[in-house]
Amino acid sequence: QVHLVESGGGLVQAGGSLRLSCVTSGPTYMPYAGGWFRQAPGREREFVAAISRSGSSANYAESVKGRFTVSRDNAQNLVFLKMNSLKPKDTAVYYCAAGTAVSDDTIYVRGSEYNFWGQGTQVTVSS
């Protein structure tokens with residue numbers, strides 16, 4: 001069983017930055033395609049960013065392009081989400097996800113394509 005644990009969330013003022021981390025434990029002999037999603041109160045979960053298992057490819061939601069950067073360290077089983085220029089509308093619970101990839105460059109943007117999920121970390125951006 002694969003377990004994912006997020007960390008790095010918190011309260012930050014608008015314009016500030018946070019870096020979320022997601023560590024994977026369990027059968028990790030092969031890296032998974034990674035993704036970040038978020039869910040704000042009263043809203044559906046939405047895609048934020050994704051990274052291929054090799055780290056060579058990434059994809060972002062339009063709302064975060066140019067502000068967020070996804071990266072990974074496969075040696076440490078970590079996936080990161082660096083968030084800059086945060087806005088109050090970025091307030092949400094952020095979840096990391098891992099999906100069994102068919103190739104080194106596979107990227108998933110739909111939640112249904114991911115096999116494993118973390119418990120989430122709260123990000124609150126004050127105005």
# chains A, B, ... in the order shown; residues from 1 in each chain; ligands from 1
>>> residues_around(residues="Gly111 in chain A", least_positions_apart="4", cutoff="10 Å", atoms="only C-alpha atoms", output="PyMOL selection string")
chain A and resi 35-37+45-47+97-99+115-117
>>> select_by_dssp(residues="range 15-119 of chain A", states="strand (DSSP E or B)", output="PyMOL selection string")
chain A and resi 18-25+33-39+46-51+58-60+68-73+78-83+92-99+116-117
>>> closest_residue(among="A:Thr69, A:Thr106, A:Gln119, A:Thr91", to="Ser56 in chain A", atoms="only C-alpha atoms")
A:Thr106
>>> residues_around(residues="Gly120 in chain A", least_positions_apart="3", cutoff="8 Å", atoms="only C-alpha atoms", output="ChimeraX atom specification")
/A:5-6,93-96
>>> residues_around(residues="Asp105 in chain A", least_positions_apart="2", cutoff="12 Å", atoms="only C-alpha atoms", output="NGL selection string")
:A and (31-34 or 50-59 or 100-103 or 107-108)
>>> residues_around(residues="range 9-19 of chain A", least_positions_apart="6", cutoff="6 Å", atoms="only C-alpha atoms", output="ChimeraX atom specification")
/A:81-87,121-127
>>> decode(residues="range 43-73 of chain A", atoms="N, CA, C and O atoms", output="compact mmCIF listing (two decimals), in the first residue's frame")
# COMPACT_ATOMS: atom_id res chain seq x y z
N ARG A 43 -16.71 23.99 -2.89
CA ARG A 43 -16.35 23.83 -4.29
C ARG A 43 -15.84 22.42 -4.55
O ARG A 43 -15.44 21.70 -3.63
N GLU A 44 -15.84 22.05 -5.80
CA GLU A 44 -15.34 20.73 -6.15
C GLU A 44 -13.80 20.75 -6.18
O GLU A 44 -13.18 21.80 -6.36
N ARG A 45 -13.24 19.57 -6.02
CA ARG A 45 -11.79 19.45 -6.13
C ARG A 45 -11.36 19.82 -7.55
O ARG A 45 -12.01 19.45 -8.52
N GLU A 46 -10.23 20.54 -7.63
CA GLU A 46 -9.76 20.95 -8.94
C GLU A 46 -8.28 20.65 -9.10
O GLU A 46 -7.51 20.65 -8.13
N PHE A 47 -7.90 20.44 -10.33
CA PHE A 47 -6.51 20.17 -10.69
C PHE A 47 -5.68 21.44 -10.51
O PHE A 47 -6.12 22.54 -10.84
N VAL A 48 -4.46 21.25 -9.99
CA VAL A 48 -3.54 22.37 -9.83
C VAL A 48 -2.30 22.20 -10.69
O VAL A 48 -1.96 23.06 -11.50
N ALA A 49 -1.62 21.06 -10.50
CA ALA A 49 -0.38 20.83 -11.23
C ALA A 49 -0.09 19.35 -11.28
O ALA A 49 -0.55 18.59 -10.42
N ALA A 50 0.70 18.94 -12.27
CA ALA A 50 1.09 17.55 -12.41
C ALA A 50 2.51 17.47 -12.92
O ALA A 50 2.99 18.37 -13.63
N ILE A 51 3.19 16.38 -12.58
CA ILE A 51 4.56 16.18 -13.02
C ILE A 51 4.74 14.71 -13.38
O ILE A 51 4.20 13.83 -12.72
N SER A 52 5.50 14.48 -14.44
CA SER A 52 5.75 13.11 -14.87
C SER A 52 6.68 12.41 -13.88
O SER A 52 7.34 13.06 -13.06
N ARG A 53 6.76 11.10 -13.96
CA ARG A 53 7.58 10.39 -12.99
C ARG A 53 9.06 10.69 -13.17
O ARG A 53 9.83 10.58 -12.22
N SER A 54 9.47 11.05 -14.37
CA SER A 54 10.87 11.42 -14.60
C SER A 54 11.15 12.85 -14.16
O SER A 54 12.30 13.25 -14.00
N GLY A 55 10.10 13.65 -14.02
CA GLY A 55 10.27 15.06 -13.69
C GLY A 55 10.51 15.94 -14.90
O GLY A 55 10.67 17.16 -14.75
N SER A 56 10.53 15.35 -16.08
CA SER A 56 10.86 16.12 -17.28
C SER A 56 9.68 16.89 -17.85
O SER A 56 9.86 17.81 -18.65
N SER A 57 8.47 16.52 -17.45
CA SER A 57 7.28 17.17 -17.98
C SER A 57 6.38 17.62 -16.84
O SER A 57 6.29 16.94 -15.81
N ALA A 58 5.70 18.75 -17.05
CA ALA A 58 4.80 19.27 -16.04
C ALA A 58 3.63 19.96 -16.73
O ALA A 58 3.72 20.36 -17.89
N ASN A 59 2.55 20.08 -16.02
CA ASN A 59 1.35 20.74 -16.53
C ASN A 59 0.70 21.51 -15.38
O ASN A 59 0.80 21.08 -14.21
N TYR A 60 0.08 22.63 -15.70
CA TYR A 60 -0.50 23.49 -14.68
C TYR A 60 -1.90 23.94 -15.06
O TYR A 60 -2.20 24.14 -16.24
N ALA A 61 -2.72 24.16 -14.06
CA ALA A 61 -3.99 24.82 -14.30
C ALA A 61 -3.72 26.26 -14.71
O ALA A 61 -2.74 26.87 -14.27
N GLU A 62 -4.60 26.80 -15.54
CA GLU A 62 -4.41 28.18 -16.01
C GLU A 62 -4.34 29.16 -14.85
O GLU A 62 -3.60 30.16 -14.91
N SER A 63 -5.08 28.89 -13.81
CA SER A 63 -5.17 29.82 -12.69
C SER A 63 -3.88 29.94 -11.89
O SER A 63 -3.71 30.90 -11.13
N VAL A 64 -2.96 28.98 -12.06
CA VAL A 64 -1.72 29.02 -11.28
C VAL A 64 -0.47 29.14 -12.15
O VAL A 64 0.64 29.25 -11.62
N LYS A 65 -0.64 29.10 -13.45
CA LYS A 65 0.52 29.20 -14.34
C LYS A 65 1.31 30.47 -14.08
O LYS A 65 0.74 31.56 -13.93
N GLY A 66 2.62 30.32 -14.02
CA GLY A 66 3.49 31.46 -13.77
C GLY A 66 3.68 31.77 -12.30
O GLY A 66 4.56 32.56 -11.94
N ARG A 67 2.86 31.16 -11.44
CA ARG A 67 2.98 31.40 -9.99
C ARG A 67 3.41 30.15 -9.24
O ARG A 67 4.12 30.25 -8.24
N PHE A 68 2.95 28.99 -9.68
CA PHE A 68 3.25 27.73 -9.01
C PHE A 68 4.25 26.92 -9.84
O PHE A 68 4.21 26.96 -11.08
N THR A 69 5.08 26.17 -9.14
CA THR A 69 6.04 25.29 -9.80
C THR A 69 6.03 23.93 -9.11
O THR A 69 6.20 23.86 -7.89
N VAL A 70 5.84 22.89 -9.89
CA VAL A 70 5.88 21.54 -9.36
C VAL A 70 7.24 20.92 -9.69
O VAL A 70 7.79 21.13 -10.78
N SER A 71 7.79 20.18 -8.74
CA SER A 71 9.08 19.52 -8.95
C SER A 71 9.11 18.25 -8.12
O SER A 71 8.18 17.98 -7.35
N ARG A 72 10.16 17.47 -8.29
CA ARG A 72 10.25 16.24 -7.53
C ARG A 72 11.69 15.84 -7.29
O ARG A 72 12.60 16.26 -8.01
N ASP A 73 11.87 15.02 -6.27
CA ASP A 73 13.17 14.43 -5.93
C ASP A 73 12.91 12.94 -5.76
O ASP A 73 12.48 12.49 -4.69
